[in-house]
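Worksheet: the structure to be examined is printed underneath.
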Amino acid sequence: GPGASTPRRRRVGVMGGTFDPIHHGHLVAASEVQSWFDLDEVVFVPTGQPWQKSDRDVSPAEHRYLMTVVATASNPRFTVSRVDIDREGPTYTIDTLRDLTARLPDTDLYFITGADALAEIFTWREADELFDLAQFVGCTRPGYDMTAGTLDGIPADRVTILEIPALAISSTECRERRAKGEPVWYLVPDGVVQYIAKHDLYATGVPS
Ligand code: ATP
Ligand code: MG
């Protein structure tokens with residue numbers, strides 16, 4: 001048949017996040033999905049001004065972008081995209097997937113989320129079309145159980161739940177630790193620890 005001579009379609013993972021800061025939970029999730037689906041590449045996509053988090057000040061996009069570059073630089077299959085931070089206005093996943101689809105022809109996209117983000121999927125804009133643009137991969141995350149209801153309404157053939165090594169790390173906790181003067185070593189990559197210190201991120205109100 002034609003299979004043997006037809007080149008395989010490229011498979012690209014899309015890891016969206018605020019990455020304020022990026023931590024080892026994000027990196028393990030991306031690595032596990034890359035390995036499980038034999039992805040050619042995983043693109044990390046830091047958000048623009050995130051509409052879900054308007055209740056707190058998010059660090060400038062350029063800092064979040066550069067920390068993501070630092071954290072992923074050593075992995076030849078990891079890249080970082082500016083599509084969301086360069087787009088005007090708040091980030092919607094539908095726009096991320098449309099932009100990447102336009103830039104990556106003949107590519108199957110795998111959108112990677114943690115259990116908490118997957119549970120919120122139907123609060124996302126134009127949720128129905130999302131499933132036409134990508135396969136969704138929900139990674140287990142400590143503290144966020146996927147109940148039966150989590151997958152309600154999601155087409156069964158467009159979502160995969162993947163059990164990954166449990167890392168109880170969040171960006172929120174990294175920021176809080178930093179504000180209290182506690183270390184973030186080994187929660188985030190070494191280069192990110194140094195970037196945070198160099199730019200004095202998250203330390204407001206506490207002498208450092
Ligand atoms: P914050 O506390 O600021 O919300 P976060 O740690 O949740 O930060 P995000 O940038 O919000 O990080 O998350 C980006 C994506 O990574 C989401 O899909 C989230 O579910 C997933 N994720 C974050 N941390 C983990 C983790 N420890 N294990 C698995 N998935 C994770
Ligand atoms: Mg989060």
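By order of appearance in the structure tokens: chains A, B, ..., then residues from 1 within every chain, and ligands from 1 in the order shown.
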Check which residues of chain A sit at most 10 Å from ligand 1 using only C-alpha atoms and all ligand atoms, and return one row each with the closest pair of atoms and their distance in Å to one decimal, ordered by chain and rising number, as JSON lines.
{"residue": "A:Met15", "atom": "CA", "partner": "ligand 1", "partner_atom_place_in_ligand_line": "15 (C)", "distance": 6.8}
{"residue": "A:Gly16", "atom": "CA", "partner": "ligand 1", "partner_atom_place_in_ligand_line": "14 (C)", "distance": 5.8}
{"residue": "A:Gly17", "atom": "CA", "partner": "ligand 1", "partner_atom_place_in_ligand_line": "14 (C)", "distance": 3.6}
{"residue": "A:Thr18", "atom": "CA", "partner": "ligand 1", "partner_atom_place_in_ligand_line": "10 (O)", "distance": 3.8}
{"residue": "A:Phe19", "atom": "CA", "partner": "ligand 1", "partner_atom_place_in_ligand_line": "10 (O)", "distance": 4.2}
{"residue": "A:Asp20", "atom": "CA", "partner": "ligand 1", "partner_atom_place_in_ligand_line": "3 (O)", "distance": 6.0}
{"residue": "A:Pro21", "atom": "CA", "partner": "ligand 1", "partner_atom_place_in_ligand_line": "10 (O)", "distance": 7.5}
{"residue": "A:Ile22", "atom": "CA", "partner": "ligand 1", "partner_atom_place_in_ligand_line": "10 (O)", "distance": 6.9}
{"residue": "A:His23", "atom": "CA", "partner": "ligand 1", "partner_atom_place_in_ligand_line": "6 (O)", "distance": 7.3}
{"residue": "A:His24", "atom": "CA", "partner": "ligand 1", "partner_atom_place_in_ligand_line": "27 (N)", "distance": 7.2}
{"residue": "A:Gly25", "atom": "CA", "partner": "ligand 1", "partner_atom_place_in_ligand_line": "27 (N)", "distance": 3.7}
{"residue": "A:His26", "atom": "CA", "partner": "ligand 1", "partner_atom_place_in_ligand_line": "16 (O)", "distance": 5.1}
{"residue": "A:Leu27", "atom": "CA", "partner": "ligand 1", "partner_atom_place_in_ligand_line": "25 (C)", "distance": 8.6}
{"residue": "A:Val28", "atom": "CA", "partner": "ligand 1", "partner_atom_place_in_ligand_line": "28 (N)", "distance": 7.5}
{"residue": "A:Ala29", "atom": "CA", "partner": "ligand 1", "partner_atom_place_in_ligand_line": "29 (C)", "distance": 5.7}
{"residue": "A:Ala30", "atom": "CA", "partner": "ligand 1", "partner_atom_place_in_ligand_line": "16 (O)", "distance": 8.8}
{"residue": "A:Phe44", "atom": "CA", "partner": "ligand 1", "partner_atom_place_in_ligand_line": "14 (C)", "distance": 9.6}
{"residue": "A:Val45", "atom": "CA", "partner": "ligand 1", "partner_atom_place_in_ligand_line": "14 (C)", "distance": 9.5}
{"residue": "A:Pro46", "atom": "CA", "partner": "ligand 1", "partner_atom_place_in_ligand_line": "10 (O)", "distance": 7.9}
{"residue": "A:Thr47", "atom": "CA", "partner": "ligand 1", "partner_atom_place_in_ligand_line": "10 (O)", "distance": 8.4}
{"residue": "A:Pro50", "atom": "CA", "partner": "ligand 1", "partner_atom_place_in_ligand_line": "11 (O)", "distance": 9.7}
{"residue": "A:Gln52", "atom": "CA", "partner": "ligand 1", "partner_atom_place_in_ligand_line": "4 (O)", "distance": 9.5}
{"residue": "A:Lys53", "atom": "CA", "partner": "ligand 1", "partner_atom_place_in_ligand_line": "4 (O)", "distance": 8.2}
{"residue": "A:Arg56", "atom": "CA", "partner": "ligand 1", "partner_atom_place_in_ligand_line": "3 (O)", "distance": 9.7}
{"residue": "A:Val58", "atom": "CA", "partner": "ligand 1", "partner_atom_place_in_ligand_line": "3 (O)", "distance": 8.6}
{"residue": "A:Arg64", "atom": "CA", "partner": "ligand 1", "partner_atom_place_in_ligand_line": "10 (O)", "distance": 9.8}
{"residue": "A:Phe111", "atom": "CA", "partner": "ligand 1", "partner_atom_place_in_ligand_line": "18 (O)", "distance": 9.1}
{"residue": "A:Ile112", "atom": "CA", "partner": "ligand 1", "partner_atom_place_in_ligand_line": "18 (O)", "distance": 6.4}
{"residue": "A:Thr113", "atom": "CA", "partner": "ligand 1", "partner_atom_place_in_ligand_line": "18 (O)", "distance": 3.3}
{"residue": "A:Gly114", "atom": "CA", "partner": "ligand 1", "partner_atom_place_in_ligand_line": "20 (O)", "distance": 3.0}
{"residue": "A:Ala115", "atom": "CA", "partner": "ligand 1", "partner_atom_place_in_ligand_line": "20 (O)", "distance": 5.5}
{"residue": "A:Asp116", "atom": "CA", "partner": "ligand 1", "partner_atom_place_in_ligand_line": "20 (O)", "distance": 5.0}
{"residue": "A:Ala117", "atom": "CA", "partner": "ligand 1", "partner_atom_place_in_ligand_line": "20 (O)", "distance": 4.7}
{"residue": "A:Leu118", "atom": "CA", "partner": "ligand 1", "partner_atom_place_in_ligand_line": "18 (O)", "distance": 7.1}
{"residue": "A:Ala119", "atom": "CA", "partner": "ligand 1", "partner_atom_place_in_ligand_line": "20 (O)", "distance": 9.2}
{"residue": "A:Glu120", "atom": "CA", "partner": "ligand 1", "partner_atom_place_in_ligand_line": "20 (O)", "distance": 9.8}
{"residue": "A:Val137", "atom": "CA", "partner": "ligand 1", "partner_atom_place_in_ligand_line": "18 (O)", "distance": 9.5}
{"residue": "A:Gly138", "atom": "CA", "partner": "ligand 1", "partner_atom_place_in_ligand_line": "18 (O)", "distance": 7.9}
{"residue": "A:Cys139", "atom": "CA", "partner": "ligand 1", "partner_atom_place_in_ligand_line": "29 (C)", "distance": 5.7}
{"residue": "A:Thr140", "atom": "CA", "partner": "ligand 1", "partner_atom_place_in_ligand_line": "29 (C)", "distance": 5.8}
{"residue": "A:Arg141", "atom": "CA", "partner": "ligand 1", "partner_atom_place_in_ligand_line": "28 (N)", "distance": 4.3}
{"residue": "A:Pro142", "atom": "CA", "partner": "ligand 1", "partner_atom_place_in_ligand_line": "28 (N)", "distance": 6.7}
{"residue": "A:Gly143", "atom": "CA", "partner": "ligand 1", "partner_atom_place_in_ligand_line": "27 (N)", "distance": 9.2}
{"residue": "A:Tyr144", "atom": "CA", "partner": "ligand 1", "partner_atom_place_in_ligand_line": "20 (O)", "distance": 9.0}
{"residue": "A:Glu163", "atom": "CA", "partner": "ligand 1", "partner_atom_place_in_ligand_line": "29 (C)", "distance": 9.4}
{"residue": "A:Ile164", "atom": "CA", "partner": "ligand 1", "partner_atom_place_in_ligand_line": "29 (C)", "distance": 7.6}
{"residue": "A:Pro165", "atom": "CA", "partner": "ligand 1", "partner_atom_place_in_ligand_line": "28 (N)", "distance": 8.1}
{"residue": "A:Ala166", "atom": "CA", "partner": "ligand 1", "partner_atom_place_in_ligand_line": "28 (N)", "distance": 6.5}
{"residue": "A:Leu167", "atom": "CA", "partner": "ligand 1", "partner_atom_place_in_ligand_line": "27 (N)", "distance": 4.8}
{"residue": "A:Ala168", "atom": "CA", "partner": "ligand 1", "partner_atom_place_in_ligand_line": "27 (N)", "distance": 5.1}
{"residue": "A:Ile169", "atom": "CA", "partner": "ligand 1", "partner_atom_place_in_ligand_line": "27 (N)", "distance": 4.5}
{"residue": "A:Ser170", "atom": "CA", "partner": "ligand 1", "partner_atom_place_in_ligand_line": "6 (O)", "distance": 3.2}
{"residue": "A:Ser171", "atom": "CA", "partner": "ligand 1", "partner_atom_place_in_ligand_line": "6 (O)", "distance": 3.9}
{"residue": "A:Thr172", "atom": "CA", "partner": "ligand 1", "partner_atom_place_in_ligand_line": "2 (O)", "distance": 3.7}
{"residue": "A:Glu173", "atom": "CA", "partner": "ligand 1", "partner_atom_place_in_ligand_line": "2 (O)", "distance": 6.6}
{"residue": "A:Cys174", "atom": "CA", "partner": "ligand 1", "partner_atom_place_in_ligand_line": "2 (O)", "distance": 8.2}
{"residue": "A:Arg175", "atom": "CA", "partner": "ligand 1", "partner_atom_place_in_ligand_line": "3 (O)", "distance": 8.3}
{"residue": "A:Glu176", "atom": "CA", "partner": "ligand 1", "partner_atom_place_in_ligand_line": "2 (O)", "distance": 9.8}
{"residue": "A:Leu187", "atom": "CA", "partner": "ligand 1", "partner_atom_place_in_ligand_line": "27 (N)", "distance": 9.8}
Q) So which bits of chain A end up alpha helix (DSSP H) when you DSSP the backbone, as a PyMOL selection string? A) chain A and resi 24-36+61-72+83-86+93-103+115-119+127-133+171-179+190-198
Compile the contact shell of Ser74 of chain A as a JSON list (two decimals) with N, CA and C atoms, in the first residue's frame: residues with an atom at most 12 Å away, counting only C-alpha atoms, same-chain residues fewer than 6 positions apart removed.
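Listing of selection16.json after writing:
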[["chain", "number", "residue", "atom", "x", "y", "z"],
["A", 27, "LEU", "N", 7.70, 20.78, 32.61],
["A", 27, "LEU", "CA", 8.71, 20.12, 31.77],
["A", 27, "LEU", "C", 8.50, 18.61, 31.74],
["A", 68, "THR", "N", 11.08, 30.66, 29.86],
["A", 68, "THR", "CA", 10.69, 29.45, 29.13],
["A", 68, "THR", "C", 11.79, 29.04, 28.16],
["A", 189, "PRO", "N", 14.15, 24.87, 36.89],
["A", 189, "PRO", "CA", 15.52, 24.62, 36.42],
["A", 189, "PRO", "C", 16.51, 25.66, 36.97],
["A", 190, "ASP", "N", 17.76, 25.25, 37.10],
["A", 190, "ASP", "CA", 18.78, 26.14, 37.68],
["A", 190, "ASP", "C", 18.82, 27.51, 37.00],
["A", 191, "GLY", "N", 18.76, 27.50, 35.67],
["A", 191, "GLY", "CA", 18.82, 28.76, 34.94],
["A", 191, "GLY", "C", 17.66, 29.69, 35.27]]
Q) From the set A:Thr160, A:Thr150, A:Gln135, A:Thr72, which residue has the shortest atom-to-atom contact distance to Arg11 of chain A, counting only C-alpha atoms? A)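 Looking at the shortest contact to Arg11 of chain A, the residue is A:Gln135.
For Tyr110 of chain A, the non-local neighbours within 10 Å, defined as residues at least 4 positions apart in the same chain or in other chains and counting only C-alpha atoms, are Arg11, Val12, Gly13, Val14, Met15, Val33, Gln34, Phe37, Leu39, Val42, Val43, Leu97, Leu133, Ala134, Gln135, Phe136, Val137, Arg158, Val159 and Thr160 of chain A.
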Q: Provide the atom CA of Asp132 of chain A to atom CA of Asp157 of chain A distance in Å, to one decimal place.
A: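 So the two atoms, atom CA of Asp132 of chain A and atom CA of Asp157 of chain A, lie 11.0 Å apart.
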Q. So which bits of segment 82-190 of chain A end up strand (DSSP E or B) when you DSSP the backbone, as a list in words?
A.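 After running DSSP on the backbone, segment 82-190 of chain A has strand (DSSP E or B) at Thr107, Asp108, Leu109, Tyr110, Phe111, Ile112, Thr113, Gly114, Gln135, Phe136, Val137, Gly138, Cys139, Arg141, Tyr144, Val159, Thr160, Ile161, Leu162, Trp185 and Val188 of chain A.
Here atom CA of Arg177 of chain A is placed at a distance of 15.9 Å from atom CA of Ser59 of chain A.
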Q. Between A:Asp152, A:Asp86, A:Glu129, A:Asp40, which has the minimum distance to Arg9 of chain A (counting only C-alpha atoms)?
A.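 Under the stated criterion, the closest residue is A:Asp40.
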Q: Record the distance separating atom CA of Asp200 of chain A and atom CA of Trp185 of chain A, expressed in Å with one decimal.
A: 15.1 Å
Q: Tell me which of A:Glu32, A:Asp108, A:Asp84, A:Asp99 sits closest to Gly48 of chain A, counting only C-alpha atoms.
A: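 Between A:Glu32, A:Asp108, A:Asp84, A:Asp99, the residue approaching Gly48 of chain A most closely is A:Asp84.
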